[in-house]
$ cat protein_29.csv   # CSV, N, CA and C atoms
chain,number,residue,atom,x,y,z
A,18,TYR,N,0.8,-1.2,0.0
A,18,TYR,CA,0.0,0.0,0.0
A,18,TYR,C,0.9,1.2,0.0
A,19,CYS,N,0.6,2.1,-0.9
A,19,CYS,CA,1.3,3.4,-1.0
A,19,CYS,C,0.3,4.5,-0.8
A,20,ALA,N,0.8,5.6,-0.1
A,20,ALA,CA,-0.1,6.7,0.1
A,20,ALA,C,0.7,8.0,0.2
A,21,THR,N,0.1,9.1,-0.2
A,21,THR,CA,0.7,10.4,-0.1
A,21,THR,C,-0.3,11.3,0.5
A,22,PHE,N,0.1,12.0,1.5
A,22,PHE,CA,-0.7,13.1,2.2
A,22,PHE,C,0.0,14.4,1.9
A,23,TYR,N,-0.8,15.4,1.4
A,23,TYR,CA,-0.2,16.7,1.1
A,23,TYR,C,-0.7,17.7,2.1
A,24,ALA,N,0.2,18.6,2.4
A,24,ALA,CA,-0.1,19.7,3.4
A,24,ALA,C,0.1,21.0,2.6
A,25,TYR,N,-1.0,21.8,2.6
A,25,TYR,CA,-1.0,23.1,1.9
A,25,TYR,C,-1.0,24.2,2.9
A,26,ASN,N,-0.3,25.3,2.5
A,26,ASN,CA,-0.3,26.6,3.3
A,26,ASN,C,-1.0,27.6,2.3
A,27,ASN,N,-2.2,27.9,2.6
A,27,ASN,CA,-3.0,28.6,1.6
A,27,ASN,C,-3.1,27.8,0.3
A,28,SER,N,-2.6,28.3,-0.8
A,28,SER,CA,-2.7,27.5,-2.0
A,28,SER,C,-1.4,26.9,-2.4
A,29,SER,N,-0.3,27.1,-1.6
A,29,SER,CA,1.0,26.5,-1.9
A,29,SER,C,1.2,25.2,-1.1
A,30,LEU,N,1.8,24.3,-1.8
A,30,LEU,CA,2.2,23.0,-1.2
A,30,LEU,C,3.3,23.2,-0.2
A,31,GLY,N,3.0,22.8,1.1
A,31,GLY,CA,4.0,23.0,2.2
A,31,GLY,C,4.9,21.8,2.4
A,32,GLY,N,4.3,20.6,2.0
A,32,GLY,CA,5.1,19.4,2.2
A,32,GLY,C,4.1,18.2,2.0
A,33,SER,N,4.7,17.0,2.3
A,33,SER,CA,3.9,15.8,2.1
A,33,SER,C,4.5,14.7,3.0
A,34,ILE,N,3.7,13.7,3.2
A,34,ILE,CA,4.1,12.5,3.9
A,34,ILE,C,3.8,11.4,2.9
A,35,THR,N,4.8,10.6,2.5
A,35,THR,CA,4.6,9.6,1.6
A,35,THR,C,5.0,8.2,2.2
A,36,THR,N,4.2,7.2,2.0
A,36,THR,CA,4.5,5.9,2.5
A,36,THR,C,4.6,5.0,1.3
A,37,SER,N,5.5,4.0,1.3
A,37,SER,CA,5.7,3.1,0.3
A,37,SER,C,6.3,1.8,0.9
A,38,GLY,N,5.6,0.7,1.0
A,38,GLY,CA,6.1,-0.5,1.6
A,38,GLY,C,6.4,-0.2,3.0
A,39,THR,N,7.6,-0.3,3.4
A,39,THR,CA,8.0,-0.2,4.9
A,39,THR,C,8.7,1.2,5.1
A,40,SER,N,8.7,2.1,4.2
A,40,SER,CA,9.3,3.4,4.4
A,40,SER,C,8.3,4.5,4.4
A,41,THR,N,8.6,5.5,5.2
A,41,THR,CA,7.8,6.7,5.2
A,41,THR,C,8.8,7.9,5.0
A,42,ALA,N,8.4,8.9,4.2
A,42,ALA,CA,9.2,10.1,3.9
A,42,ALA,C,8.3,11.3,4.4
A,43,TYR,N,8.9,12.1,5.2
A,43,TYR,CA,8.3,13.4,5.6
A,43,TYR,C,9.0,14.5,4.8
A,44,ASN,N,8.3,15.1,3.9
A,44,ASN,CA,8.9,16.0,2.9
A,44,ASN,C,8.5,17.5,3.2
A,45,THR,N,9.4,18.4,3.2
A,45,THR,CA,9.1,19.8,3.3
A,45,THR,C,9.5,20.4,2.0
A,46,SER,N,8.6,21.2,1.4
A,46,SER,CA,8.9,21.8,0.1
A,46,SER,C,10.2,22.6,0.2
A,47,SER,N,11.0,22.4,-0.8
A,47,SER,CA,12.3,23.1,-0.8
A,47,SER,C,12.8,23.5,-2.2
A,48,ASP,N,11.9,23.5,-3.2
A,48,ASP,CA,12.2,23.9,-4.5
A,48,ASP,C,12.7,25.3,-4.6
A,49,TYR,N,13.7,25.5,-5.4
A,49,TYR,CA,14.3,26.9,-5.5
A,49,TYR,C,13.3,27.9,-6.0
A,50,ARG,N,12.3,27.5,-6.7
A,50,ARG,CA,11.3,28.4,-7.2
A,50,ARG,C,10.4,29.0,-6.1
A,51,LEU,N,10.5,28.4,-4.9
A,51,LEU,CA,9.7,28.9,-3.8
A,51,LEU,C,10.5,29.8,-2.9
A,52,LYS,N,11.8,30.1,-3.3
A,52,LYS,CA,12.7,30.8,-2.4
A,52,LYS,C,13.2,32.0,-3.1
A,53,GLU,N,13.7,33.0,-2.3
A,53,GLU,CA,14.3,34.2,-2.9
A,53,GLU,C,15.4,34.6,-1.9
A,54,ASN,N,16.4,35.4,-2.4
A,54,ASN,CA,17.4,35.9,-1.6
A,54,ASN,C,18.3,34.9,-0.9
A,55,ALA,N,18.5,33.7,-1.5
A,55,ALA,CA,19.3,32.6,-0.9
A,55,ALA,C,20.7,33.1,-0.7
A,56,GLN,N,21.2,33.0,0.5
A,56,GLN,CA,22.6,33.4,0.8
A,56,GLN,C,23.3,32.2,1.6
A,57,PRO,N,24.6,32.1,1.4
A,57,PRO,CA,25.3,31.1,2.2
A,57,PRO,C,25.1,31.3,3.7
A,58,MET,N,24.9,30.3,4.5
A,58,MET,CA,24.8,30.4,5.9
A,58,MET,C,26.1,30.7,6.6
A,59,THR,N,26.1,31.6,7.5
A,59,THR,CA,27.4,32.0,8.2
A,59,THR,C,27.1,31.9,9.7
A,60,GLY,N,28.2,31.7,10.5
A,60,GLY,CA,28.0,31.7,11.9
A,60,GLY,C,27.4,30.4,12.5
A,61,ALA,N,27.3,29.4,11.7
A,61,ALA,CA,26.7,28.2,12.2
A,61,ALA,C,27.5,27.5,13.3
A,62,LEU,N,28.8,27.6,13.3
A,62,LEU,CA,29.6,26.9,14.3
A,62,LEU,C,29.3,27.6,15.7
A,63,SER,N,29.1,28.8,15.7
A,63,SER,CA,28.8,29.5,16.9
A,63,SER,C,27.4,29.1,17.4
A,64,THR,N,26.5,28.9,16.5
A,64,THR,CA,25.1,28.4,16.9
A,64,THR,C,25.2,27.0,17.4
A,65,VAL,N,25.9,26.1,16.7
A,65,VAL,CA,26.0,24.7,17.1
A,65,VAL,C,26.7,24.6,18.5
A,66,ASN,N,27.7,25.5,18.8
A,66,ASN,CA,28.4,25.5,20.1
A,66,ASN,C,27.4,25.9,21.2
A,67,GLN,N,26.3,26.5,20.9
A,67,GLN,CA,25.4,26.9,22.0
A,67,GLN,C,24.4,25.8,22.3
A,68,LEU,N,24.3,24.8,21.4
A,68,LEU,CA,23.3,23.7,21.6
A,68,LEU,C,23.7,22.9,22.8
A,69,LYS,N,22.7,22.3,23.5
A,69,LYS,CA,22.9,21.5,24.7
A,69,LYS,C,22.4,20.1,24.6
A,70,PRO,N,23.0,19.3,23.7
A,70,PRO,CA,22.5,17.9,23.6
A,70,PRO,C,22.7,17.2,25.0
A,71,CYS,N,21.7,16.3,25.3
A,71,CYS,CA,21.8,15.6,26.6
A,71,CYS,C,21.2,14.2,26.5
A,72,THR,N,21.5,13.5,27.5
A,72,THR,CA,20.9,12.1,27.7
A,72,THR,C,19.8,12.3,28.7
A,73,TYR,N,18.8,11.4,28.7
A,73,TYR,CA,17.7,11.5,29.7
A,73,TYR,C,17.0,10.2,29.7
A,74,ASN,N,16.0,10.1,30.7
A,74,ASN,CA,15.1,9.0,30.8
A,74,ASN,C,13.7,9.6,30.6
A,75,TRP,N,12.9,8.9,29.8
A,75,TRP,CA,11.5,9.3,29.6
A,75,TRP,C,10.7,8.9,30.8
A,76,VAL,N,9.9,9.9,31.2
A,76,VAL,CA,9.1,9.7,32.4
A,76,VAL,C,8.2,8.5,32.3
A,77,SER,N,7.6,8.3,31.1
A,77,SER,CA,6.5,7.3,30.9
A,77,SER,C,7.0,5.8,31.2
A,78,ASP,N,8.2,5.5,30.7
A,78,ASP,CA,8.7,4.1,30.8
A,78,ASP,C,10.1,4.0,31.2
A,79,LYS,N,10.7,5.1,31.6
A,79,LYS,CA,12.1,5.1,32.1
A,79,LYS,C,13.2,4.7,31.0
A,80,SER,N,12.8,4.6,29.7
A,80,SER,CA,13.7,4.3,28.7
A,80,SER,C,14.6,5.5,28.5
A,81,GLN,N,15.8,5.2,27.9
A,81,GLN,CA,16.8,6.2,27.7
A,81,GLN,C,16.6,6.9,26.4
A,82,GLY,N,16.9,8.2,26.4
A,82,GLY,CA,16.8,9.0,25.2
A,82,GLY,C,18.0,9.9,25.1
A,83,LYS,N,18.2,10.4,23.9
A,83,LYS,CA,19.3,11.4,23.6
A,83,LYS,C,18.6,12.5,22.7
A,84,GLY,N,18.9,13.7,23.0
A,84,GLY,CA,18.4,14.8,22.2
A,84,GLY,C,18.5,16.1,22.9
A,85,PHE,N,17.5,16.9,22.9
A,85,PHE,CA,17.5,18.3,23.4
A,85,PHE,C,16.3,18.5,24.3
A,86,ILE,N,16.4,19.5,25.1
A,86,ILE,CA,15.2,20.0,25.9
A,86,ILE,C,14.6,21.0,25.0
A,87,ALA,N,13.3,20.9,24.7
A,87,ALA,CA,12.7,21.7,23.7
A,87,ALA,C,12.9,23.2,23.9
A,88,HIS,N,12.6,23.7,25.1
A,88,HIS,CA,12.7,25.2,25.3
A,88,HIS,C,14.1,25.7,25.2
A,89,GLU,N,15.1,24.9,25.6
A,89,GLU,CA,16.5,25.3,25.5
A,89,GLU,C,16.9,25.4,24.0
A,90,LEU,N,16.4,24.4,23.2
A,90,LEU,CA,16.7,24.4,21.7
A,90,LEU,C,16.0,25.6,21.1
A,91,GLN,N,14.8,25.9,21.5
A,91,GLN,CA,14.0,27.0,21.0
A,91,GLN,C,14.7,28.3,21.1
A,92,ALA,N,15.4,28.5,22.2
A,92,ALA,CA,16.1,29.8,22.4
A,92,ALA,C,17.3,30.0,21.4
A,93,ILE,N,17.7,28.9,20.8
A,93,ILE,CA,18.9,28.9,19.9
A,93,ILE,C,18.4,28.8,18.4
A,94,ILE,N,17.5,27.8,18.1
A,94,ILE,CA,17.0,27.6,16.8
A,94,ILE,C,15.5,27.5,16.9
A,95,PRO,N,14.8,28.6,17.0
A,95,PRO,CA,13.4,28.6,17.2
A,95,PRO,C,12.5,27.8,16.2
A,96,GLU,N,13.0,27.7,15.0
A,96,GLU,CA,12.2,27.0,14.0
A,96,GLU,C,12.2,25.5,14.2
A,97,ALA,N,13.1,25.0,15.0
A,97,ALA,CA,13.1,23.6,15.3
A,97,ALA,C,12.1,23.1,16.3
A,98,VAL,N,11.4,24.1,17.0
A,98,VAL,CA,10.5,23.7,18.1
A,98,VAL,C,9.1,24.2,17.8
A,99,GLN,N,8.2,23.4,18.1
A,99,GLN,CA,6.8,23.8,18.1
A,99,GLN,C,6.3,23.9,19.5
A,100,GLY,N,5.4,24.9,19.8
A,100,GLY,CA,4.8,25.0,21.1
A,100,GLY,C,5.5,26.0,22.0
A,101,THR,N,4.9,26.2,23.2
A,101,THR,CA,5.4,27.2,24.1
A,101,THR,C,5.7,26.5,25.4
A,102,LYS,N,6.9,26.8,26.0
A,102,LYS,CA,7.3,26.2,27.3
A,102,LYS,C,6.2,26.4,28.3
A,103,ASP,N,5.9,25.3,29.0
A,103,ASP,CA,4.9,25.3,30.2
A,103,ASP,C,3.5,25.6,29.7
A,104,ALA,N,3.1,25.4,28.5
A,104,ALA,CA,1.8,25.7,28.0
A,104,ALA,C,0.8,24.6,28.6
A,105,VAL,N,-0.4,25.1,28.9
A,105,VAL,CA,-1.4,24.2,29.3
A,105,VAL,C,-2.7,24.5,28.6
A,106,ASP,N,-3.6,23.5,28.5
A,106,ASP,CA,-4.9,23.8,27.9
A,106,ASP,C,-5.9,24.4,29.0
A,107,ALA,N,-7.1,24.6,28.6
A,107,ALA,CA,-8.1,25.3,29.5
A,107,ALA,C,-8.4,24.5,30.8
A,108,GLU,N,-8.1,23.2,30.8
A,108,GLU,CA,-8.3,22.4,32.0
A,108,GLU,C,-7.0,22.3,32.8
A,109,GLY,N,-5.9,22.9,32.3
A,109,GLY,CA,-4.7,22.8,33.0
A,109,GLY,C,-3.8,21.6,32.6
A,110,ASN,N,-4.2,20.9,31.6
A,110,ASN,CA,-3.4,19.8,31.1
A,110,ASN,C,-2.2,20.3,30.3
A,111,PRO,N,-1.0,19.7,30.4
A,111,PRO,CA,0.1,20.1,29.6
A,111,PRO,C,-0.1,20.0,28.1
A,112,ILE,N,0.4,21.0,27.4
A,112,ILE,CA,0.5,21.0,26.0
A,112,ILE,C,2.0,20.9,25.7
A,113,TYR,N,2.5,19.8,25.4
A,113,TYR,CA,3.9,19.5,25.3
A,113,TYR,C,4.5,20.1,24.0
A,114,GLN,N,5.8,20.6,24.2
A,114,GLN,CA,6.5,21.1,23.0
A,114,GLN,C,7.0,19.9,22.2
A,115,ALA,N,7.3,20.1,21.0
A,115,ALA,CA,7.9,19.1,20.1
A,115,ALA,C,9.1,19.7,19.3
A,116,VAL,N,10.0,18.8,18.9
A,116,VAL,CA,11.2,19.2,18.2
A,116,VAL,C,11.2,18.5,16.8
A,117,ASP,N,11.5,19.3,15.8
A,117,ASP,CA,11.7,18.8,14.5
A,117,ASP,C,13.2,18.9,14.2
A,118,ALA,N,13.9,17.8,14.4
A,118,ALA,CA,15.4,17.8,14.3
A,118,ALA,C,15.9,18.1,12.9
A,119,SER,N,15.0,18.0,11.9
A,119,SER,CA,15.4,18.3,10.5
A,119,SER,C,15.9,19.8,10.3
A,120,PHE,N,15.4,20.7,11.2
A,120,PHE,CA,15.8,22.1,11.1
A,120,PHE,C,17.2,22.3,11.7
A,121,LEU,N,17.8,21.2,12.3
A,121,LEU,CA,19.2,21.3,12.8
A,121,LEU,C,20.2,21.1,11.7
A,122,ILE,N,19.8,20.3,10.7
A,122,ILE,CA,20.7,19.8,9.6
A,122,ILE,C,21.5,21.0,8.9
A,123,PRO,N,20.8,22.0,8.5
A,123,PRO,CA,21.6,23.1,7.8
A,123,PRO,C,22.7,23.7,8.7
A,124,HIS,N,22.3,23.8,10.0
A,124,HIS,CA,23.3,24.4,11.0
A,124,HIS,C,24.5,23.4,11.1
A,125,LEU,N,24.2,22.1,11.2
A,125,LEU,CA,25.3,21.2,11.4
A,125,LEU,C,26.2,21.1,10.2
A,126,VAL,N,25.6,21.0,9.0
A,126,VAL,CA,26.4,21.0,7.8
A,126,VAL,C,27.2,22.2,7.6
A,127,SER,N,26.7,23.4,7.9
A,127,SER,CA,27.4,24.6,7.7
A,127,SER,C,28.5,24.7,8.8
A,128,ALA,N,28.3,24.2,10.0
A,128,ALA,CA,29.3,24.2,11.0
A,128,ALA,C,30.5,23.2,10.6
A,129,ILE,N,30.1,22.1,10.1
A,129,ILE,CA,31.2,21.2,9.6
A,129,ILE,C,32.0,21.8,8.5
A,130,GLN,N,31.4,22.5,7.6
A,130,GLN,CA,32.1,23.3,6.5
A,130,GLN,C,33.0,24.3,7.1
A,131,GLU,N,32.5,25.0,8.2
A,131,GLU,CA,33.4,26.0,8.8
A,131,GLU,C,34.6,25.4,9.5
A,132,LEU,N,34.4,24.2,10.1
A,132,LEU,CA,35.5,23.5,10.8
A,132,LEU,C,36.5,23.0,9.7
A,133,SER,N,36.0,22.5,8.6
A,133,SER,CA,36.8,22.0,7.5
A,133,SER,C,37.7,23.2,7.0
A,134,ALA,N,37.1,24.3,6.8
A,134,ALA,CA,37.9,25.5,6.3
A,134,ALA,C,38.9,25.9,7.3
A,135,GLU,N,38.6,25.8,8.6
A,135,GLU,CA,39.6,26.1,9.6
A,135,GLU,C,40.8,25.1,9.6
A,136,ILE,N,40.4,23.9,9.5
A,136,ILE,CA,41.4,22.8,9.5
A,136,ILE,C,42.3,23.0,8.2
A,137,ASN,N,41.7,23.3,7.1
A,137,ASN,CA,42.5,23.5,5.9
A,137,ASN,C,43.4,24.7,6.0
A,138,ALA,N,43.0,25.7,6.6
A,138,ALA,CA,43.8,26.9,6.8
A,138,ALA,C,45.0,26.6,7.8
A,139,LEU,N,44.7,25.8,8.8
A,139,LEU,CA,45.8,25.4,9.7
A,139,LEU,C,46.8,24.5,9.0
A,140,LYS,N,46.3,23.6,8.2
A,140,LYS,CA,47.2,22.7,7.4
A,140,LYS,C,48.1,23.5,6.5
A,141,ALA,N,47.5,24.5,5.9
A,141,ALA,CA,48.3,25.3,4.9
A,141,ALA,C,49.4,26.1,5.7
A,142,LYS,N,49.0,26.6,6.9
A,142,LYS,CA,49.9,27.3,7.7
A,142,LYS,C,51.1,26.5,8.2
A,143,ILE,N,50.9,25.2,8.5
A,143,ILE,CA,52.0,24.4,8.9
A,143,ILE,C,52.6,23.6,7.8
A,144,GLY,N,52.1,23.7,6.6
A,144,GLY,CA,52.7,23.1,5.4
A,144,GLY,C,52.4,21.6,5.4
A,145,ALA,N,51.2,21.2,5.9
A,145,ALA,CA,50.8,19.8,5.9
A,145,ALA,C,50.0,19.5,4.6

$ encode --input "protein_29.csv" --output "structure tokens"
Amino acid sequence: YCATFYAYNNSSLGGSITTSGTSTAYNTSSDYRLKENAQPMTGALSTVNQLKPCTYNWVSDKSQGKGFIAHELQAIIPEAVQGTKDAVDAEGNPIYQAVDASFLIPHLVSAIQELSAEINALKAKIGA
């Protein structure tokens, strides 16, 4: 069974979820025709150095996890987090924040590129 679910923002396609066999793809629209003023990312290493990855145990079953605390990540890369810290509904029940780690990828790739450039500059300096 294959299925595709499309998500629209007004009349523009925002993304899709596609299933095929045992795989599922979560797609965000990224076509160049949907973008303008594209510039190389700068300062990503500084951003990545502010991140606070951690290990933890889930309250529900005590299983181990690795990742980020949503509100801490939101302070550094807001687009990676949905929701508001400590939000509750009308009955006082928690409305939990969620993280979309795909928004970290551009920062991580750009930080690796910055590190690579620094390493190459140091190699050139020492003649390696």

$ closest_atom_pairs --input "protein_29.csv" --of "stretch 92-124 of chain A" --to "stretch 42-57 of chain A" --cutoff "12 Å" --atoms "only C-alpha atoms" --output "JSON lines"
{"residue": "A:Asp117", "atom": "CA", "partner": "A:Tyr43", "partner_atom": "CA", "distance": 11.0}
{"residue": "A:Ser119", "atom": "CA", "partner": "A:Thr45", "partner_atom": "CA", "distance": 9.7}
{"residue": "A:Phe120", "atom": "CA", "partner": "A:Thr45", "partner_atom": "CA", "distance": 10.5}
{"residue": "A:Pro123", "atom": "CA", "partner": "A:Pro57", "partner_atom": "CA", "distance": 10.4}
{"residue": "A:His124", "atom": "CA", "partner": "A:Pro57", "partner_atom": "CA", "distance": 11.2}

$ atom_distance --input "protein_29.csv" --atom1 "atom N of A:Ser63" --atom2 "atom N of A:Ile93"
12.5 Å

$ closest_atom_pairs --input "protein_29.csv" --of "stretch 80-136 of chain A" --to "stretch 66-73 of chain A" --cutoff "8 Å" --atoms "only C-alpha atoms" --output "tab-separated table"
residue	atom	partner	partner_atom	distance
A:Gln81	CA	A:Tyr73	CA	5.7
A:Gly82	CA	A:Tyr73	CA	5.2
A:Lys83	CA	A:Thr72	CA	4.5
A:Gly84	CA	A:Pro70	CA	5.3
A:Phe85	CA	A:Pro70	CA	5.0
A:Ile86	CA	A:Lys69	CA	7.9
A:Glu89	CA	A:Lys69	CA	7.5
A:Leu90	CA	A:Leu68	CA	6.6
A:Ile93	CA	A:Leu68	CA	7.0

$ atom_distance --input "protein_29.csv" --atom1 "atom N of A:Ile143" --atom2 "atom CA of A:Glu131"
17.5 Å

$ atom_distance --input "protein_29.csv" --atom1 "atom C of A:Lys140" --atom2 "atom N of A:Thr59"
23.5 Å

$ decode --input "protein_29.csv" --residues "stretch 49-116 of chain A" --atoms "C-alpha atoms" --output "CSV table (one decimal), in the first residue's frame"
chain,number,residue,atom,x,y,z
A,49,TYR,CA,14.3,26.9,-5.5
A,50,ARG,CA,11.3,28.4,-7.2
A,51,LEU,CA,9.7,28.9,-3.8
A,52,LYS,CA,12.7,30.8,-2.4
A,53,GLU,CA,14.3,34.2,-2.9
A,54,ASN,CA,17.4,35.9,-1.6
A,55,ALA,CA,19.3,32.6,-0.9
A,56,GLN,CA,22.6,33.4,0.8
A,57,PRO,CA,25.3,31.1,2.2
A,58,MET,CA,24.8,30.4,5.9
A,59,THR,CA,27.4,32.0,8.2
A,60,GLY,CA,28.0,31.7,11.9
A,61,ALA,CA,26.7,28.2,12.2
A,62,LEU,CA,29.6,26.9,14.3
A,63,SER,CA,28.8,29.5,16.9
A,64,THR,CA,25.1,28.4,16.9
A,65,VAL,CA,26.0,24.7,17.1
A,66,ASN,CA,28.4,25.5,20.1
A,67,GLN,CA,25.4,26.9,22.0
A,68,LEU,CA,23.3,23.7,21.6
A,69,LYS,CA,22.9,21.5,24.7
A,70,PRO,CA,22.5,17.9,23.6
A,71,CYS,CA,21.8,15.6,26.6
A,72,THR,CA,20.9,12.1,27.7
A,73,TYR,CA,17.7,11.5,29.7
A,74,ASN,CA,15.1,9.0,30.8
A,75,TRP,CA,11.5,9.3,29.6
A,76,VAL,CA,9.1,9.7,32.4
A,77,SER,CA,6.5,7.3,30.9
A,78,ASP,CA,8.7,4.1,30.8
A,79,LYS,CA,12.1,5.1,32.1
A,80,SER,CA,13.7,4.3,28.7
A,81,GLN,CA,16.8,6.2,27.7
A,82,GLY,CA,16.8,9.0,25.2
A,83,LYS,CA,19.3,11.4,23.6
A,84,GLY,CA,18.4,14.8,22.2
A,85,PHE,CA,17.5,18.3,23.4
A,86,ILE,CA,15.2,20.0,25.9
A,87,ALA,CA,12.7,21.7,23.7
A,88,HIS,CA,12.7,25.2,25.3
A,89,GLU,CA,16.5,25.3,25.5
A,90,LEU,CA,16.7,24.4,21.7
A,91,GLN,CA,14.0,27.0,21.0
A,92,ALA,CA,16.1,29.8,22.4
A,93,ILE,CA,18.9,28.9,19.9
A,94,ILE,CA,17.0,27.6,16.8
A,95,PRO,CA,13.4,28.6,17.2
A,96,GLU,CA,12.2,27.0,14.0
A,97,ALA,CA,13.1,23.6,15.3
A,98,VAL,CA,10.5,23.7,18.1
A,99,GLN,CA,6.8,23.8,18.1
A,100,GLY,CA,4.8,25.0,21.1
A,101,THR,CA,5.4,27.2,24.1
A,102,LYS,CA,7.3,26.2,27.3
A,103,ASP,CA,4.9,25.3,30.2
A,104,ALA,CA,1.8,25.7,28.0
A,105,VAL,CA,-1.4,24.2,29.3
A,106,ASP,CA,-4.9,23.8,27.9
A,107,ALA,CA,-8.1,25.3,29.5
A,108,GLU,CA,-8.3,22.4,32.0
A,109,GLY,CA,-4.7,22.8,33.0
A,110,ASN,CA,-3.4,19.8,31.1
A,111,PRO,CA,0.1,20.1,29.6
A,112,ILE,CA,0.5,21.0,26.0
A,113,TYR,CA,3.9,19.5,25.3
A,114,GLN,CA,6.5,21.1,23.0
A,115,ALA,CA,7.9,19.1,20.1
A,116,VAL,CA,11.2,19.2,18.2
